[in-house]
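**Student:** Take a look at structure31.cif, mmCIF, C-alpha atoms:
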data_run
#
loop_
_atom_site.label_atom_id
_atom_site.label_comp_id
_atom_site.auth_asym_id
_atom_site.auth_seq_id
_atom_site.Cartn_x
_atom_site.Cartn_y
_atom_site.Cartn_z
CA MET A 6 44.85 -69.08 29.97
CA GLY A 7 48.29 -70.60 30.63
CA LEU A 8 50.64 -71.84 27.95
CA ASN A 9 50.43 -75.45 26.88
CA ILE A 10 53.60 -77.27 28.03
CA GLU A 11 54.51 -80.85 27.15
CA GLU A 12 57.69 -82.75 27.96
CA GLY A 13 59.05 -85.82 26.24
CA ILE A 14 62.01 -88.08 25.55
CA ALA A 15 63.49 -88.88 22.14
CA GLU A 16 65.43 -92.15 22.03
CA PHE A 17 68.80 -91.54 20.34
CA GLU A 18 71.02 -94.34 19.05
CA VAL A 19 74.69 -93.31 19.07
CA PRO A 20 77.20 -95.47 17.13
CA GLY A 21 79.74 -97.07 19.46
CA LEU A 22 77.52 -96.94 22.55
CA THR A 23 75.87 -100.09 23.86
CA LYS A 24 73.07 -98.15 25.57
CA THR A 25 70.37 -96.08 23.91
CA CYS A 26 70.66 -92.40 24.80
CA GLN A 27 67.79 -90.06 25.54
CA THR A 28 67.24 -86.46 24.51
CA TRP A 29 64.85 -84.66 26.86
CA TYR A 30 62.70 -81.92 25.29
CA LYS A 31 59.92 -79.53 26.18
CA VAL A 32 57.29 -78.02 23.86
CA VAL A 33 55.90 -74.66 24.95
CA GLY A 34 52.78 -73.71 22.99
CA ASP A 35 50.69 -75.61 20.44
CA LEU A 36 52.36 -77.47 17.56
CA ASN A 37 48.95 -78.19 16.02
CA THR A 38 48.54 -74.72 14.55
CA SER A 39 49.84 -73.09 11.36
CA LYS A 40 52.46 -71.16 13.37
CA THR A 41 56.06 -72.03 12.50
CA PRO A 42 57.73 -73.73 15.49
CA LEU A 43 61.04 -72.38 16.82
CA ILE A 44 63.67 -74.95 17.79
CA VAL A 45 65.89 -73.52 20.55
CA VAL A 46 69.49 -74.81 20.53
CA HIS A 47 71.33 -74.00 23.76
CA GLY A 48 74.96 -73.05 24.26
CA GLY A 49 77.81 -74.34 26.38
CA PRO A 50 78.30 -77.02 25.24
CA GLY A 51 76.36 -78.32 28.22
CA ALA A 52 74.65 -75.14 29.44
CA CYS A 53 71.21 -76.80 29.01
CA HIS A 54 67.89 -75.17 28.15
CA GLU A 55 66.80 -73.30 31.31
CA TYR A 56 68.85 -70.14 30.75
CA LEU A 57 66.98 -69.58 27.46
CA LEU A 58 63.49 -69.81 28.98
CA PRO A 59 62.98 -66.01 28.60
CA LEU A 60 62.33 -66.87 24.94
CA THR A 61 58.97 -68.28 26.04
CA ASP A 62 57.85 -64.64 25.87
CA LEU A 63 57.41 -65.39 22.14
CA ALA A 64 54.77 -68.01 22.92
CA SER A 65 52.83 -65.43 24.92
CA THR A 66 53.14 -62.48 22.53
CA SER A 67 52.91 -64.15 19.12
CA SER A 68 51.71 -67.73 19.86
CA THR A 69 55.00 -69.09 18.48
CA PRO A 70 55.43 -72.71 19.62
CA LEU A 71 58.93 -73.34 21.00
CA ILE A 72 60.86 -76.57 21.40
CA PHE A 73 63.58 -76.55 24.05
CA TYR A 74 65.86 -79.53 24.61
CA ASP A 75 68.90 -80.54 26.65
CA GLN A 76 71.68 -81.78 24.39
CA ILE A 77 73.14 -85.20 25.11
CA GLY A 78 75.72 -85.16 27.92
CA ASN A 79 73.97 -82.90 30.41
CA GLY A 80 70.73 -81.65 31.92
CA ARG A 81 67.79 -84.04 31.74
CA SER A 82 69.26 -85.93 28.79
CA THR A 83 71.69 -88.87 29.03
CA HIS A 84 74.92 -88.09 30.88
CA LEU A 85 78.08 -89.82 29.69
CA LEU A 86 80.71 -89.14 32.34
CA GLU A 87 82.77 -92.05 31.05
CA LYS A 88 83.30 -90.08 27.80
CA ALA A 89 85.00 -87.12 29.53
CA GLY A 90 88.06 -86.14 27.52
CA ASP A 91 87.04 -88.22 24.48
CA GLU A 92 87.37 -85.58 21.75
CA GLN A 93 86.46 -87.98 18.94
CA PHE A 94 83.17 -88.89 20.58
CA TRP A 95 82.05 -85.32 21.36
CA SER A 96 81.96 -84.13 17.75
CA VAL A 97 79.78 -81.47 16.13
CA ASP A 98 78.33 -84.27 13.98
CA LEU A 99 77.04 -86.01 17.13
CA PHE A 100 74.96 -82.95 17.98
CA LYS A 101 73.79 -82.43 14.38
CA ASN A 102 72.60 -86.05 14.37
CA GLU A 103 70.86 -85.51 17.70
CA LEU A 104 69.02 -82.49 16.31
CA ASP A 105 67.91 -84.45 13.22
CA ASN A 106 66.78 -87.31 15.46
CA LEU A 107 64.79 -84.96 17.69
CA LEU A 108 63.06 -83.29 14.73
CA ALA A 109 62.08 -86.70 13.33
CA HIS A 110 60.77 -87.82 16.74
CA ILE A 111 58.58 -84.73 17.15
CA GLY A 112 57.37 -84.95 13.54
CA LEU A 113 58.97 -81.75 12.27
CA LYS A 114 61.03 -83.08 9.34
CA ASP A 115 58.37 -82.28 6.75
CA ARG A 116 57.02 -78.92 7.86
CA PRO A 117 58.65 -75.46 7.95
CA ILE A 118 60.65 -74.73 11.09
CA ASP A 119 62.72 -71.86 12.45
CA VAL A 120 65.94 -72.58 14.34
CA TYR A 121 67.52 -70.40 17.03
CA GLY A 122 71.03 -71.06 18.31
CA HIS A 123 72.74 -69.24 21.18
CA SER A 124 76.55 -69.20 21.53
CA TRP A 125 77.71 -72.83 20.95
CA GLY A 126 74.10 -73.42 19.84
CA GLY A 127 74.64 -70.83 17.10
CA MET A 128 77.76 -72.69 15.94
CA LEU A 129 75.78 -75.93 15.83
CA ALA A 130 72.77 -74.30 14.14
CA ALA A 131 74.97 -72.72 11.47
CA GLU A 132 76.62 -76.06 10.67
CA TRP A 133 73.25 -77.83 10.61
CA ALA A 134 71.69 -75.12 8.41
CA ALA A 135 74.44 -75.71 5.82
CA THR A 136 73.49 -79.41 5.43
CA PRO A 137 70.86 -80.93 3.09
CA ASN A 138 68.92 -82.04 6.20
CA SER A 139 67.87 -78.42 6.76
CA VAL A 140 65.64 -78.42 3.66
CA ASN A 141 62.57 -77.48 5.76
CA LEU A 142 64.36 -74.59 7.52
CA ARG A 143 62.45 -71.32 7.04
CA ARG A 144 64.46 -68.84 9.13
CA LEU A 145 67.67 -69.00 11.19
CA VAL A 146 68.72 -67.00 14.25
CA ILE A 147 72.39 -66.99 15.33
CA SER A 148 72.70 -65.24 18.67
CA ASN A 149 75.84 -64.21 20.60
CA SER A 150 77.91 -66.70 18.66
CA LEU A 151 81.05 -67.13 16.57
CA ALA A 152 81.91 -68.25 13.06
CA SER A 153 85.41 -69.44 13.97
CA MET A 154 87.51 -69.97 17.08
CA ASP A 155 90.27 -67.80 15.62
CA SER A 156 87.95 -64.79 15.35
CA TRP A 157 86.50 -65.56 18.81
CA ARG A 158 90.00 -65.55 20.32
CA VAL A 159 90.70 -62.11 18.85
CA GLY A 160 87.61 -60.69 20.61
CA ILE A 161 88.15 -62.56 23.88
CA THR A 162 91.81 -61.52 24.06
CA ALA A 163 90.94 -57.84 23.56
CA LEU A 164 88.37 -58.02 26.38
CA ARG A 165 90.82 -59.83 28.65
CA GLU A 166 93.41 -57.09 28.15
CA GLN A 167 90.87 -54.56 29.46
CA LEU A 168 90.61 -56.37 32.81
CA PRO A 169 92.47 -54.93 35.84
CA ASP A 170 96.16 -55.93 35.87
CA ASP A 171 95.88 -58.00 39.05
CA ILE A 172 93.02 -60.04 37.54
CA GLN A 173 95.03 -60.66 34.36
CA GLN A 174 97.97 -61.85 36.47
CA VAL A 175 95.77 -64.37 38.33
CA LEU A 176 94.49 -65.72 35.01
CA THR A 177 98.00 -66.03 33.54
CA ARG A 178 99.39 -67.77 36.64
CA ALA A 179 96.52 -70.27 36.65
CA GLU A 180 97.09 -71.07 32.99
CA GLU A 181 100.83 -71.55 33.55
CA LYS A 182 100.16 -73.94 36.44
CA GLN A 183 97.09 -75.49 34.77
CA ASP A 184 95.22 -74.84 38.04
CA PHE A 185 91.69 -73.82 37.15
CA GLU A 186 89.98 -74.72 40.42
CA SER A 187 91.56 -72.31 42.88
CA PRO A 188 89.30 -69.72 44.55
CA ALA A 189 91.53 -66.97 43.10
CA TYR A 190 90.98 -68.20 39.53
CA GLU A 191 87.23 -68.57 40.05
CA ALA A 192 87.04 -65.03 41.44
CA ALA A 193 89.02 -63.66 38.49
CA ILE A 194 86.76 -65.45 35.99
CA GLU A 195 83.72 -63.99 37.76
CA VAL A 196 85.09 -60.48 37.16
CA PHE A 197 85.15 -61.29 33.43
CA TYR A 198 81.70 -62.90 33.51
CA LYS A 199 80.14 -59.89 35.25
CA ARG A 200 81.44 -57.70 32.43
CA HIS A 201 80.86 -59.93 29.43
CA LEU A 202 78.55 -62.86 30.27
CA SER A 203 75.65 -60.87 31.72
CA LEU A 204 75.09 -57.32 32.93
CA ALA A 205 71.91 -58.22 34.83
CA ARG A 206 71.99 -57.42 38.55
CA PRO A 207 71.77 -58.70 41.21
CA TRP A 208 74.45 -61.19 40.14
CA PRO A 209 74.10 -63.97 39.28
CA SER A 210 70.71 -63.86 37.58
CA GLU A 211 68.55 -66.96 37.62
CA GLU A 212 69.60 -67.67 34.01
CA VAL A 213 73.35 -67.27 34.66
CA GLN A 214 73.05 -69.50 37.72
CA ALA A 215 71.23 -72.16 35.69
CA ALA A 216 73.89 -72.31 32.94
CA LEU A 217 76.95 -72.17 35.21
CA GLY A 218 75.28 -74.61 37.60
CA TRP A 219 75.16 -77.31 34.93
CA PHE A 220 78.88 -76.85 34.19
CA THR A 221 79.53 -77.47 37.89
CA LYS A 222 77.27 -80.53 38.07
CA ASP A 223 78.69 -82.18 34.94
CA ALA A 224 81.53 -80.57 32.98
CA THR A 225 81.93 -83.49 30.56
CA THR A 226 80.85 -81.74 27.35
CA TYR A 227 82.04 -78.23 28.22
CA GLY A 228 85.39 -79.42 29.54
CA THR A 229 86.03 -81.77 26.62
CA MET A 230 84.84 -79.50 23.82
CA TYR A 231 85.66 -76.00 25.12
CA GLY A 232 87.81 -75.90 28.25
CA PRO A 233 87.88 -75.04 31.97
CA SER A 234 86.45 -71.51 31.45
CA GLU A 235 85.49 -69.06 28.70
CA LEU A 236 89.02 -67.61 28.79
CA TYR A 237 90.95 -70.84 28.20
CA ILE A 238 90.08 -72.79 25.06
CA SER A 239 91.72 -76.21 25.28
CA GLY A 240 88.96 -78.51 24.03
CA SER A 241 88.11 -80.14 20.71
CA LEU A 242 86.54 -76.95 19.33
CA ARG A 243 89.86 -75.06 19.62
CA ASP A 244 90.42 -74.92 15.83
CA TRP A 245 86.74 -75.01 14.77
CA THR A 246 85.40 -72.89 11.92
CA CYS A 247 82.22 -72.91 9.85
CA ILE A 248 83.24 -70.07 7.52
CA PRO A 249 83.67 -72.33 4.44
CA LEU A 250 80.08 -73.59 4.94
CA LEU A 251 78.29 -70.26 5.37
CA SER A 252 77.57 -69.62 1.69
CA LYS A 253 75.40 -72.77 1.76
CA ILE A 254 72.95 -71.08 4.16
CA LYS A 255 70.21 -69.74 1.88
CA VAL A 256 67.44 -68.84 4.37
CA PRO A 257 66.90 -65.38 5.92
CA THR A 258 69.18 -65.16 8.96
CA LEU A 259 69.17 -62.84 11.98
CA LEU A 260 72.39 -62.18 13.91
CA LEU A 261 72.18 -60.86 17.47
CA ASN A 262 74.88 -59.81 19.93
CA GLY A 263 75.53 -57.22 22.63
CA THR A 264 78.00 -54.34 22.84
CA ASP A 265 79.64 -55.90 25.93
CA ASP A 266 79.32 -59.45 24.63
CA GLU A 267 82.18 -61.94 24.81
CA ALA A 268 80.93 -62.68 21.27
CA GLN A 269 82.50 -59.49 19.94
CA ASP A 270 81.69 -58.19 16.46
CA VAL A 271 84.90 -59.72 15.08
CA ALA A 272 83.53 -63.19 15.91
CA MET A 273 80.13 -62.49 14.30
CA GLN A 274 81.40 -60.64 11.21
CA PRO A 275 82.00 -63.74 9.01
CA PHE A 276 78.30 -64.69 9.36
CA PHE A 277 77.40 -61.25 8.01
CA ASP A 278 79.98 -61.45 5.23
CA HIS A 279 79.14 -64.92 3.92
CA ILE A 280 75.42 -65.57 4.53
CA GLU A 281 73.36 -64.31 1.62
CA LYS A 282 70.19 -63.00 3.32
CA VAL A 283 71.30 -61.61 6.66
CA LYS A 284 70.39 -58.91 9.18
CA TRP A 285 72.54 -58.01 12.21
CA VAL A 286 71.36 -56.30 15.41
CA THR A 287 73.75 -55.35 18.24
CA LEU A 288 72.04 -54.41 21.51
CA ASP A 289 73.41 -51.65 23.73
CA ASN A 290 73.99 -52.37 27.43
CA ALA A 291 73.98 -56.11 26.83
CA ALA A 292 76.56 -58.88 27.17
CA HIS A 293 76.52 -62.57 26.16
CA PHE A 294 73.12 -63.14 27.77
CA SER A 295 71.53 -60.32 25.76
CA HIS A 296 68.17 -62.07 26.07
CA VAL A 297 68.40 -61.47 29.83
CA ASP A 298 70.19 -58.09 29.88
CA GLN A 299 67.80 -56.48 27.36
CA ARG A 300 64.95 -58.97 27.40
CA GLN A 301 62.16 -56.77 26.02
CA LYS A 302 64.17 -55.29 23.13
CA TYR A 303 65.69 -58.67 22.33
CA ILE A 304 62.29 -60.38 22.09
CA GLN A 305 60.97 -57.51 19.95
CA HIS A 306 63.81 -57.96 17.41
CA LEU A 307 63.34 -61.73 17.43
CA GLU A 308 59.60 -61.49 16.98
CA ALA A 309 59.82 -58.89 14.18
CA PHE A 310 62.22 -61.15 12.28
CA LEU A 311 60.26 -64.39 12.76
CA LEU A 312 56.92 -62.80 11.84
CA ALA A 313 58.20 -60.73 8.87
#
Could you write out this file's structure as structure tokens?

**Tutor:**
Amino acid sequence: MGLNIEEGIAEFEVPGLTKTCQTWYKVVGDLNTSKTPLIVVHGGPGACHEYLLPLTDLASTSSTPLIFYDQIGNGRSTHLLEKAGDEQFWSVDLFKNELDNLLAHIGLKDRPIDVYGHSWGGMLAAEWAATPNSVNLRRLVISNSLASMDSWRVGITALREQLPDDIQQVLTRAEEKQDFESPAYEAAIEVFYKRHLSLARPWPSEEVQAALGWFTKDATTYGTMYGPSELYISGSLRDWTCIPLLSKIKVPTLLLNGTDDEAQDVAMQPFFDHIEKVKWVTLDNAAHFSHVDQRQKYIQHLEAFLLA
């Protein structure tokens, strides 16, 4: 028997906008059981939900219902191209409010839920989990993420310095000229991505293609909040940190990353240091898309934690 799949739209009122926004979501599995649903918060910002669809393995193996959604600004949710570059609009609070709104729409404010955040989604999930609105949170998963941009930069810089000299020179020249659209820059970034975004071959995997494809179609959120590529952080998140909030997270938390991950241990360490009930698993032969590179092992760790 196939998995039950339902799609829907949550109307989302955003202060300052004349139009009502829409958050598109998809439920995989049955919410009308005693199983705790898993809310899947994607990365980017703006990478959308498709690249995380391997997590539907959980619905097959343990009957865990999953809720995927595309965050406002990209994918099947409302696009706001006119807000490109508006750092005040694209705040972390906007996305926390969207998550609260979605949970209320689906009817999950008053029952236990688990939340999974990947990359930027982990940043958002950590911030949300530290608020009073997370009172019904049962378990938290922070995957391939970062607790502060300063610690992320340390890891990213170390990985960049391991790239071939000619690649590093292309990156530096592009940054000096602020030219991030040349074929040479795109080729240099791909060298980094093949090492630290995903190790799955042939390249690019379906999941990598899905995430990068959305950045190409609409770079509003990624460009405004992060930057032109993973190696140049110019957006509104450039000084972000959630370290002062982490002691407020009281639920059991699982940390996941890969040995070749752009989310190096230095970026994940503050989660481990400051969250009270925490377990950390680093997967060998895996990069930022650990759920693709080591899918079976990744799902096993996730399932063991959620069912414990």

**Student:** Once the PyMOL selection byres ((chain A and resi 167-173) around 12) is applied to the coordinates I shared, what remains selected? I want it as a VMD selection string.

**Tutor:** chain A and resid 160 to 166 174 to 180 189 to 201 236 265

**Student:** Produce a file of the selected residues containing C-alpha atoms, as a PDB file, in the coordinates of the input.

**Tutor:**
ATOM      1  CA  GLY A 160      87.610 -60.690  20.610  1.00  0.00           C
ATOM      2  CA  ILE A 161      88.150 -62.560  23.880  1.00  0.00           C
ATOM      3  CA  THR A 162      91.810 -61.520  24.060  1.00  0.00           C
ATOM      4  CA  ALA A 163      90.940 -57.840  23.560  1.00  0.00           C
ATOM      5  CA  LEU A 164      88.370 -58.020  26.380  1.00  0.00           C
ATOM      6  CA  ARG A 165      90.820 -59.830  28.650  1.00  0.00           C
ATOM      7  CA  GLU A 166      93.410 -57.090  28.150  1.00  0.00           C
ATOM      8  CA  GLN A 174      97.970 -61.850  36.470  1.00  0.00           C
ATOM      9  CA  VAL A 175      95.770 -64.370  38.330  1.00  0.00           C
ATOM     10  CA  LEU A 176      94.490 -65.720  35.010  1.00  0.00           C
ATOM     11  CA  THR A 177      98.000 -66.030  33.540  1.00  0.00           C
ATOM     12  CA  ARG A 178      99.390 -67.770  36.640  1.00  0.00           C
ATOM     13  CA  ALA A 179      96.520 -70.270  36.650  1.00  0.00           C
ATOM     14  CA  GLU A 180      97.090 -71.070  32.990  1.00  0.00           C
ATOM     15  CA  ALA A 189      91.530 -66.970  43.100  1.00  0.00           C
ATOM     16  CA  TYR A 190      90.980 -68.200  39.530  1.00  0.00           C
ATOM     17  CA  GLU A 191      87.230 -68.570  40.050  1.00  0.00           C
ATOM     18  CA  ALA A 192      87.040 -65.030  41.440  1.00  0.00           C
ATOM     19  CA  ALA A 193      89.020 -63.660  38.490  1.00  0.00           C
ATOM     20  CA  ILE A 194      86.760 -65.450  35.990  1.00  0.00           C
ATOM     21  CA  GLU A 195      83.720 -63.990  37.760  1.00  0.00           C
ATOM     22  CA  VAL A 196      85.090 -60.480  37.160  1.00  0.00           C
ATOM     23  CA  PHE A 197      85.150 -61.290  33.430  1.00  0.00           C
ATOM     24  CA  TYR A 198      81.700 -62.900  33.510  1.00  0.00           C
ATOM     25  CA  LYS A 199      80.140 -59.890  35.250  1.00  0.00           C
ATOM     26  CA  ARG A 200      81.440 -57.700  32.430  1.00  0.00           C
ATOM     27  CA  HIS A 201      80.860 -59.930  29.430  1.00  0.00           C
ATOM     28  CA  LEU A 236      89.020 -67.610  28.790  1.00  0.00           C
ATOM     29  CA  ASP A 265      79.640 -55.900  25.930  1.00  0.00           C
TER      30      ASP A 265
END

**Student:** Grab the CA of Val283 (chain A) to CA of Ala152 (chain A) distance for me, in Å with one decimal place.

**Tutor:**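 Computing the Euclidean distance for CA of Val283 (chain A) and CA of Ala152 (chain A) yields 14.1 Å.
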
**Student:** Please evaluate the PyMOL selection byres ((chain A and resi 86) around 9) against the displayed coordinates and give the resulting residues as a ChimeraX atom specification.

**Tutor:** /A:78,84-85,87-89,223-226

**Student:** Mind giving me the straight-line distance from CA of Ile280 (chain A) to CA of Leu129 (chain A) in Å, one decimal?

**Tutor:** 15.3 Å

**Student:** With all atoms of region 102-108 of chain A from the file as input, state the centre and edge lengths in Å to one decimal of the axis-aligned box that has 4 Å extra on each side, as lines of an AutoDock Vina configuration file.

**Tutor:**
center_x = 67.8
center_y = -84.9
center_z = 15.5
size_x = 17.5
size_y = 12.8
size_z = 12.5
